[in-house]
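Here the structure is laid out as structure tokens; the discussion comes afterwards.
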Amino acid sequence: MIREELELMAAAFFNGAVMWGIYDIIRIKRRVFTTGIILSVAEDIIYSIILAFTIFRIIYIYNSGYVRIFALVATYMGMGMFEIFAGKFIVEYGSRLLNIIRINIMKVLKRLIKSIRKVIKLLRRFLPQR
């Protein structure tokens, strides 16, 4: 009996850490790409629904659907531990890295568009006009 409860607690803790990691990805995206309030709220609602589904799925698998408060606490402990030990680092440096990638992609795209415009301009010179 204790073994099953420990398994439930460990699975809930791990689920909390994974789900907070997923939320960190959302946080990184929000830092790098500005989104409107409606999209942010929609993301949060979808995230919350998925989080609730995963929590109760674990409870169903490990405890036959009986909700145990310690499983919910373990989930939130996993989230908190992930944030304390990795979350801030991941969001900070993940945002920086993604921002660098975004800026470099924009530079390449601007150069590409500039080159395409030059080619079109040259083609207009040599093609007969109507």
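Here, A, B, ... name the chains of the structure tokens in the order displayed, residue numbers run from 1 inside each chain, and ligands are numbered from 1 in the same displayed order.
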
> Which residues, written as number ranges by chain, have at least one atom at most 8 Å from A:Gly16, with only C-alpha atoms counted and residues fewer than 6 positions away on the same chain left out?
Replying inline: A: 74-79

Could you save those same residues with N, CA, C and O atoms as a short mmCIF file (atom, residue, chain, number, x, y, z; two decimals), in the first residue's frame?
data_model
loop_
_atom_site.label_atom_id
_atom_site.label_comp_id
_atom_site.auth_asym_id
_atom_site.auth_seq_id
_atom_site.Cartn_x
_atom_site.Cartn_y
_atom_site.Cartn_z
N ALA A 74 2.25 16.89 -4.44
CA ALA A 74 3.48 16.42 -5.09
C ALA A 74 3.62 17.04 -6.48
O ALA A 74 4.73 17.39 -6.90
N THR A 75 2.52 17.19 -7.18
CA THR A 75 2.56 17.83 -8.50
C THR A 75 3.06 19.26 -8.37
O THR A 75 3.96 19.69 -9.11
N TYR A 76 2.50 19.99 -7.43
CA TYR A 76 2.92 21.38 -7.24
C TYR A 76 4.34 21.47 -6.69
O TYR A 76 5.07 22.42 -7.00
N MET A 77 4.76 20.49 -5.91
CA MET A 77 6.15 20.46 -5.45
C MET A 77 7.09 20.24 -6.62
O MET A 77 8.15 20.87 -6.70
N GLY A 78 6.71 19.37 -7.54
CA GLY A 78 7.52 19.14 -8.74
C GLY A 78 7.64 20.40 -9.57
O GLY A 78 8.72 20.74 -10.07
N MET A 79 6.54 21.12 -9.69
CA MET A 79 6.56 22.39 -10.42
C MET A 79 7.49 23.39 -9.73
O MET A 79 8.31 24.04 -10.38
#

> Do you know which residues are at most 10 Å from A:Tyr23 counting only C-alpha atoms, after dropping those on the same chain fewer than 6 positions away, and could you put them as a list in words?
Replying inline: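 Within the cut-off, the hits are Ala17, Lys29, Glu43, Asp44, Tyr47, Ser48, Leu51, Met79, Gly87 and Val91 of chain A.
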
Output N, CA, C and O atoms for every residue in that selection, as a CSV table (one decimal), in the first residue's frame.
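Output saved as part-v8.csv:
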chain,number,residue,atom,x,y,z
A,17,ALA,N,7.0,18.5,-12.7
A,17,ALA,CA,8.2,19.1,-13.2
A,17,ALA,C,8.2,19.2,-14.7
A,17,ALA,O,8.5,20.2,-15.3
A,29,LYS,N,8.5,31.7,-25.3
A,29,LYS,CA,7.8,32.1,-26.5
A,29,LYS,C,7.3,33.5,-26.3
A,29,LYS,O,7.4,34.4,-27.2
A,43,GLU,N,-3.7,30.3,-24.6
A,43,GLU,CA,-2.6,29.4,-24.3
A,43,GLU,C,-2.7,28.9,-22.8
A,43,GLU,O,-2.5,27.7,-22.6
A,44,ASP,N,-3.0,29.8,-21.9
A,44,ASP,CA,-3.1,29.4,-20.5
A,44,ASP,C,-4.2,28.5,-20.2
A,44,ASP,O,-4.1,27.5,-19.4
A,47,TYR,N,-3.2,25.1,-21.6
A,47,TYR,CA,-2.2,24.5,-20.7
A,47,TYR,C,-2.9,24.0,-19.5
A,47,TYR,O,-2.6,22.9,-19.0
A,48,SER,N,-3.8,24.7,-18.9
A,48,SER,CA,-4.5,24.3,-17.7
A,48,SER,C,-5.3,23.1,-17.9
A,48,SER,O,-5.3,22.2,-17.0
A,51,LEU,N,-2.9,20.2,-18.1
A,51,LEU,CA,-2.3,19.9,-16.8
A,51,LEU,C,-3.3,19.1,-16.0
A,51,LEU,O,-3.0,18.1,-15.4
A,79,MET,N,6.5,21.1,-9.7
A,79,MET,CA,6.6,22.4,-10.4
A,79,MET,C,7.5,23.4,-9.7
A,79,MET,O,8.3,24.0,-10.4
A,87,GLY,N,14.1,26.3,-13.9
A,87,GLY,CA,13.1,27.1,-14.6
A,87,GLY,C,13.7,28.5,-15.0
A,87,GLY,O,13.6,29.0,-16.1
A,91,VAL,N,14.4,29.7,-18.8
A,91,VAL,CA,13.6,30.8,-19.4
A,91,VAL,C,14.6,31.9,-19.8
A,91,VAL,O,14.5,32.5,-20.9

> What separation in Å, quoted to one decimal, exists between atom CA of A:Leu72 and atom CA of A:Ala86?
Replying inline: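 Going from atom CA of A:Leu72 over to atom CA of A:Ala86, I get 20.9 Å.
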
>> So, with only C-alpha atoms as the atoms that count, which of A:Leu127, A:Ile105, A:Ile55, A:Leu97 lies closest to A:Ala11?
In response: A:Ile55

> Which residues come within 9 Å of A:Ile58, counting only C-alpha atoms, excluding same-chain residues fewer than 5 positions away, as a PyMOL selection string?
Replying inline: chain A and resi 8+11-12+15+53+63+65+71

> If you measure from atom CA of A:Ile38 to atom CA of A:Phe89, what distance in Å do you get, rounded to one decimal?
Replying inline: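 Distance between the two atoms: 27.4 Å.
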
> Hey, can you check how far atom CA of A:Ile2 sits from atom CA of A:Ile69?
Replying inline: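 Spanning atom CA of A:Ile2 to atom CA of A:Ile69 is a straight-line distance of 15.1 Å.
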
>> Measuring between only C-alpha atoms, which one of A:Phe33, A:Tyr60, A:Tyr66, A:Phe13 shows the shortest distance to A:Ile103?
In response: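 That would be A:Phe33, the residue with the smallest distance to A:Ile103.
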
> Of the candidates A:Arg27, A:Arg3, A:Arg68, A:Arg111, which shows the shortest atom-to-atom distance to A:Leu98, using only C-alpha atoms?
Replying inline: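 Distance minimum relative to A:Leu98 lands on A:Arg27.
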
> Nearest to A:Ile90 among A:Trp20, A:Arg125, A:Glu7, A:Ile45, with distances taken over only C-alpha atoms: which residue is it?
Replying inline: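 Among the listed residues, the smallest separation from A:Ile90 belongs to A:Trp20.
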
> Which one of A:Glu83, A:Glu92, A:Asp24, A:Glu5 sits closest to A:Ser64 if you count only C-alpha atoms?
Replying inline: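 Smallest distance to A:Ser64 is found for A:Glu5.
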